[in-house]
Amino acid sequence: MYKSLLLASLLVLGNSIFAQKGEAVDTSWKNEYRETATRINDLVHTKLELVPDFSKSYCYGKAWITLKPHFYSTDSLLLDAKGMDIKTVALVKGNKQSPLKYTYNELELNIRLDKAYTSNETYTIFIDYTAKPDEYQAKYGTNDFLGIKGMFFINPRGEVKNKPTQIWTQGETESSSAWFPTIDKTNQRCTDELTVTVDNKYTTLSNGKLMSQKKNANGTRTDYWKMDLPHAPYLFFLGVGEYAVIKDSYKGKEVNYYVEPEYASVAKKIFGNTPEMMGFFSRITGVEFPWIKYSQITGRDYVAGAMENTTATIHQETAQQDARELVDKNNWESTIAHELFHQWFGDYVTTESWSNLTLNESFANYSQVLWKEYKYGKDAGLEENYNEMNGYLTSGSESKDLVRFHYENREDMFDAVSYNKGGRILHMMRHFIGDSAFFKALNLYLTTNKFKSAEAHQLRLAFEEVSGRDLNWFFNQWYFGHGHPVTDISYVYDDAAKTVKVIIKQLQPGGNIFKLPIDIDIYEGDKKTRNTVWANNAIDTFTFKYTQKPSLVNVDGDKILLWSKTDNKTLDNYIYQYKYAGNYLDRKEAIDFASTRQDDPKAVELLKTALNDKYFEIRNYTLNKIDMRKDLVKKTMEPVLVNLAKTDKYSTVRGNALGALIAYTKPEYASLFKANINDSSYTVSGNSLIGLYTLDPSSAVTIAKELYGKPSKGVLKDALQNILIQAGDETVGTEMIDEFSSLPIGGPKFQMLETVATFLENSDKPELVKKGVTELVKLRDGVPEGFRGQTDPALNGALKAILTAKMTAVKQKADPAMQAVIDYIKASLPESEKKGF
């Protein structure tokens, strides 16, 4: 599963959050060992016949479940079956069904078999049931994002205008058993077949191959899907809706993209790299894509990013980008790679327990780096790696082991440790043992454990078998330990002795010292010498000789290590590093350092050079780092910015350069802004409109009125809303609040937060302000308790900013209606936030 791990004010809260209970704090879980589920019976095959009832959000089901005892004989069977009405439980022998005794507590179905079966015998159970996912969620779920109901009916009665009616399922972690009875554990797997009867207007998707479709006399259609290879129950999937199905292929296998009809024309621009990804991942793993087909579908209100259901991945609706968004960038490409790689790591070989979740998620996370590196070059791969590392370093997760057997809720495993940190650990392993050994070990791990579940030690054994090295130290430190090195790096040059000492201090709390192989590059003129050393003390000092004083000593030369560091280099060191060390992070570090010294001509000259960097994202990064309030910067950068705005190959660079040119407020740039307002790129168009508004507000408002109501997203959408709101168009504000209200808690809603809050600060319409404040309060209170500590500051901060603005307005001009809104906001704030009001 792909889940962005930034929260709240970082705009993508919803992608990282799952069911959290709201009960009082209980720390007893810290002493509870989360063992792998005991296997008494093994699933062999599951056959389902389903009829969804949209009017009730029910699913009428019949299940034939074939099993066998794992090892010991048994005369009973315990199934997970959540929130169901159980009508019949019977043993199937030939064409006959014999009723069986059972007990049911709304969560588990305990069946007494007709005899004790041995591990050499299979048996089949028939269950007639009704799944009631919404009622189950209401009774047993609480304040959560994705819920526990397994099957989601979206706008089932068509009551919400302009929103499609859909069904999609979500099994991970253990919610498949809310729509069909099963043993809902990661270490179970079986083949399956599924028939579903729906209105003929709907398209369906499930695991495996669509074997047949039969039209029925009552206007419905029955689709039959069959999955011949075994997979885990949490990976079962059913999707239903009105979709355009765009067909593609990979080596004769079906590759299909299910999108809402309006996105049919751009589906291949969104998902079209999938066949190439399948070929790339097959080559690097040495395991050809193992499944019969691969389809991807979008789901409304799916807030968890995406999910790697075997052969049938679901993506949240924001994967659907229009043509103008795609001009700037396909923002979903990493997610597409992530979910596809799960078809090997997660589906083909599955974690045996949630404690070992990183065996699924670290590989999927790292696939994003592998794909970017292959498709777009080394800089793109290193940028992806850095961004994912930074996601971990800023997550506050230092106390968590990568593989951990103590957690409060299995959903807690879906975090920046299992994903981001795990991916960076694989990156370090790849560097340590080399590409050839790394990928050969992945092949060994996959082929040894295919169609099975695995734990971290099996991955270690694969790396050891191929590399010939004992890697217990690495796994004990990184997989079964927690935290990361926090370092200070300093340099002492002795020109008399012609030596340089590199002093590396490990400063992480707790006294846990890491063992680190480190590449240290010494640059003497145009000569680079690499030295590989081992740091394994609180303070390590490494001494190197030189013939001429080095222009640069570059610790961690390839920027591989997962650590945070204070690197005590000079500006001259960084200027040299940008030019000669040269990988993505070398250049980024130099830009970061120079950006803190924008009164220094040498630093500004470095930033000017970076504006013409070979990699467009470095150009974008630099555009966002230059301080246009500085006279030296404005004077130095202007001709470069004009050139970028007019000629750069990449629309985001042109758009950001146009944004930087706004600072000059020169009338001669009005024609440049006006000429770019109708550009195909939302970034170019939006920044051009903002630029024109600073020079010619009247013309900009006229154009904004013409553009408003037409498709717009990103920078252009924000520009249109802000300009029209500032021009006094309250209708725009009302529509914005209505849109905000309609969104489920998740990334898109948080992306709108700043725009909505700013509008409410500036609005003088009490009724509208109260309506917006109510939505902010609903969002704040709708976040699960476990994440309120991260989200409340942003939301309460927005409420306090609105409150301050309204109190200031009322002081200037009495307004009883607005005073009532002030009182309403105060009442909405917790006592701890009311100080000063």
# chains A, B, ... in the order shown; residues from 1 in each chain; ligands from 1
call {"tool": "select_by_dssp", "arguments": {"residues": "range 472-541 of chain A", "states": "strand (DSSP E)", "output": "PyMOL selection string"}}
result
chain A and resi 486-494+499-506+516-524+527-535+539-541
call {"tool": "closest_atom_pairs", "arguments": {"of": "range 418-503 of chain A", "to": "range 554-567 of chain A", "cutoff": "12 Å", "atoms": "only C-alpha atoms", "output": "tab-separated table"}}
result
residue	atom	partner	partner_atom	distance
A:Asn420	CA	A:Leu562	CA	10.3
A:Lys421	CA	A:Leu562	CA	8.0
A:Gly422	CA	A:Leu562	CA	10.2
A:Gly423	CA	A:Leu562	CA	10.0
A:Arg424	CA	A:Leu562	CA	6.4
A:Ile425	CA	A:Leu562	CA	7.3
A:Leu426	CA	A:Ile560	CA	10.3
A:His427	CA	A:Ile560	CA	7.0
A:Met428	CA	A:Ile560	CA	5.9
A:Met429	CA	A:Ile560	CA	9.5
A:Arg430	CA	A:Ile560	CA	9.5
A:His431	CA	A:Ile560	CA	7.3
A:Phe432	CA	A:Ile560	CA	9.4
A:Trp478	CA	A:Leu562	CA	10.1
A:Gly483	CA	A:Trp563	CA	9.2
A:His484	CA	A:Trp563	CA	5.7
A:Pro485	CA	A:Trp563	CA	5.0
A:Val486	CA	A:Ser564	CA	5.0
A:Thr487	CA	A:Lys565	CA	4.6
A:Asp488	CA	A:Thr566	CA	4.7
A:Ile489	CA	A:Asp567	CA	4.9
A:Ser490	CA	A:Asp567	CA	6.6
A:Tyr491	CA	A:Asp567	CA	9.2
A:Lys501	CA	A:Val555	CA	11.8
A:Val502	CA	A:Val555	CA	8.5
A:Ile503	CA	A:Val555	CA	10.2
call {"tool": "residues_around", "arguments": {"residues": "range 602-613 of chain A", "least_positions_apart": "4", "cutoff": "8 Å", "atoms": "only C-alpha atoms", "output": "list in words"}}
result
Leu571, Ile575, Ile591, Ala594, Ser595, Arg597, Gln598, Ile618, Arg619, Asn620, Thr622, Leu623, Ile626, Leu632, Val633, Thr636, Met637 and Val640 of chain A
call {"tool": "closest_residue", "arguments": {"among": "A:Asp718, A:Asn331, A:Pro69, A:Lys56", "to": "Glu135 in chain A", "atoms": "only C-alpha atoms"}}
result
A:Lys56
call {"tool": "closest_residue", "arguments": {"among": "A:Val417, A:Gly252, A:Pro517, A:Leu641", "to": "Ser395 in chain A", "atoms": "only C-alpha atoms"}}
result
A:Val417
call {"tool": "atom_distance", "arguments": {"atom1": "CA of Gly836 in chain A", "atom2": "CA of Leu760 in chain A"}}
result
20.4 Å
call {"tool": "atom_distance", "arguments": {"atom1": "CA of Lys378 in chain A", "atom2": "CA of Gly286 in chain A"}}
result
21.9 Å
call {"tool": "closest_residue", "arguments": {"among": "A:Lys96, A:Lys375, A:Arg34, A:Arg530", "to": "Met413 in chain A", "atoms": "only C-alpha atoms"}}
result
A:Arg34
call {"tool": "atom_distance", "arguments": {"atom1": "CA of Gln819 in chain A", "atom2": "CA of Lys749 in chain A"}}
result
27.9 Å
call {"tool": "residues_around", "arguments": {"residues": "Ile662 in chain A", "least_positions_apart": "3", "cutoff": "8 Å", "atoms": "only C-alpha atoms", "output": "VMD selection string"}}
result
chain A and resid 658 to 659 665 690 to 691 694
call {"tool": "write_last_selection", "arguments": {"atoms": "C-alpha atoms", "output": "PDB file, in the first residue's frame"}}
result
ATOM      1  CA  LEU A 658       7.486  33.584 -13.911  1.00  0.00           C
ATOM      2  CA  GLY A 659       6.554  33.458 -10.234  1.00  0.00           C
ATOM      3  CA  THR A 665       6.845  44.655 -10.414  1.00  0.00           C
ATOM      4  CA  ILE A 690      -0.798  36.334 -10.340  1.00  0.00           C
ATOM      5  CA  GLY A 691       1.949  38.344 -12.004  1.00  0.00           C
ATOM      6  CA  THR A 694       0.264  42.674  -9.339  1.00  0.00           C
TER       7      THR A 694
END
call {"tool": "residues_around", "arguments": {"residues": "Asn656 in chain A", "least_positions_apart": "5", "cutoff": "8 Å", "atoms": "only C-alpha atoms", "output": "ChimeraX atom specification"}}
result
/A:620,623-624,645,683-684,687
call {"tool": "residues_around", "arguments": {"residues": "Ala267 in chain A", "least_positions_apart": "4", "cutoff": "9 Å", "atoms": "only C-alpha atoms", "output": "PyMOL selection string"}}
result
chain A and resi 246+257-259+263+271-272+320-321
call {"tool": "select_by_dssp", "arguments": {"residues": "range 325-533 of chain A", "states": "alpha helix (DSSP H)", "output": "PyMOL selection string"}}
result
chain A and resi 325-328+333-342+358-376+378-393+422-433+435-448+456-467+472-478
call {"tool": "closest_residue", "arguments": {"among": "A:Asp540, A:Glu242, A:Asp379, A:Glu411", "to": "Asn200 in chain A", "atoms": "only C-alpha atoms"}}
result
A:Glu242
call {"tool": "closest_residue", "arguments": {"among": "A:Asp648, A:Glu775, A:Asp586, A:Asp627", "to": "Ser742 in chain A", "atoms": "only C-alpha atoms"}}
result
A:Glu775
call {"tool": "residues_around", "arguments": {"residues": "range 116-118 of chain A", "least_positions_apart": "2", "cutoff": "8 Å", "atoms": "only C-alpha atoms", "output": "VMD selection string"}}
result
chain A and resid 68 to 69 71 to 76 113 to 114 120 to 122
call {"tool": "closest_residue", "arguments": {"among": "A:Ile745, A:Met84, A:Ala454, A:Ala663", "to": "Val783 in chain A", "atoms": "only C-alpha atoms"}}
result
A:Ile745
call {"tool": "decode", "arguments": {"residues": "range 763-800 of chain A", "atoms": "C-alpha atoms", "output": "PDB file, in the first residue's frame"}}
result
ATOM      1  CA  SER A 763     -14.244  37.622   4.449  1.00  0.00           C
ATOM      2  CA  ASP A 764     -16.621  40.158   6.026  1.00  0.00           C
ATOM      3  CA  LYS A 765     -19.690  37.929   5.621  1.00  0.00           C
ATOM      4  CA  PRO A 766     -20.558  36.485   9.083  1.00  0.00           C
ATOM      5  CA  GLU A 767     -22.756  33.671   7.793  1.00  0.00           C
ATOM      6  CA  LEU A 768     -20.100  32.520   5.352  1.00  0.00           C
ATOM      7  CA  VAL A 769     -17.337  32.747   7.948  1.00  0.00           C
ATOM      8  CA  LYS A 770     -19.350  30.657  10.393  1.00  0.00           C
ATOM      9  CA  LYS A 771     -20.034  28.054   7.710  1.00  0.00           C
ATOM     10  CA  GLY A 772     -16.328  27.780   6.938  1.00  0.00           C
ATOM     11  CA  VAL A 773     -15.297  27.687  10.583  1.00  0.00           C
ATOM     12  CA  THR A 774     -17.783  24.865  11.156  1.00  0.00           C
ATOM     13  CA  GLU A 775     -16.044  22.858   8.415  1.00  0.00           C
ATOM     14  CA  LEU A 776     -12.627  23.477   9.957  1.00  0.00           C
ATOM     15  CA  VAL A 777     -13.895  22.318  13.340  1.00  0.00           C
ATOM     16  CA  LYS A 778     -15.435  19.211  11.766  1.00  0.00           C
ATOM     17  CA  LEU A 779     -12.108  18.437  10.120  1.00  0.00           C
ATOM     18  CA  ARG A 780     -10.174  18.947  13.346  1.00  0.00           C
ATOM     19  CA  ASP A 781     -12.539  16.772  15.358  1.00  0.00           C
ATOM     20  CA  GLY A 782     -12.724  14.150  12.617  1.00  0.00           C
ATOM     21  CA  VAL A 783      -9.049  13.265  12.832  1.00  0.00           C
ATOM     22  CA  PRO A 784      -8.394  10.065  14.845  1.00  0.00           C
ATOM     23  CA  GLU A 785      -7.258  10.626  18.405  1.00  0.00           C
ATOM     24  CA  GLY A 786      -3.878   9.070  17.716  1.00  0.00           C
ATOM     25  CA  PHE A 787      -3.057  11.822  15.225  1.00  0.00           C
ATOM     26  CA  ARG A 788      -4.725  14.838  16.826  1.00  0.00           C
ATOM     27  CA  GLY A 789      -1.441  15.882  18.395  1.00  0.00           C
ATOM     28  CA  GLN A 790      -0.035  16.357  14.901  1.00  0.00           C
ATOM     29  CA  THR A 791      -3.054  17.943  13.244  1.00  0.00           C
ATOM     30  CA  ASP A 792      -4.626  20.069  15.995  1.00  0.00           C
ATOM     31  CA  PRO A 793      -1.855  22.706  15.981  1.00  0.00           C
ATOM     32  CA  ALA A 794      -2.446  23.469  12.300  1.00  0.00           C
ATOM     33  CA  LEU A 795      -6.223  23.522  12.573  1.00  0.00           C
ATOM     34  CA  ASN A 796      -6.414  25.406  15.858  1.00  0.00           C
ATOM     35  CA  GLY A 797      -3.835  27.802  14.459  1.00  0.00           C
ATOM     36  CA  ALA A 798      -6.086  28.469  11.478  1.00  0.00           C
ATOM     37  CA  LEU A 799      -9.063  29.040  13.779  1.00  0.00           C
ATOM     38  CA  LYS A 800      -7.064  31.465  15.936  1.00  0.00           C
TER      39      LYS A 800
END
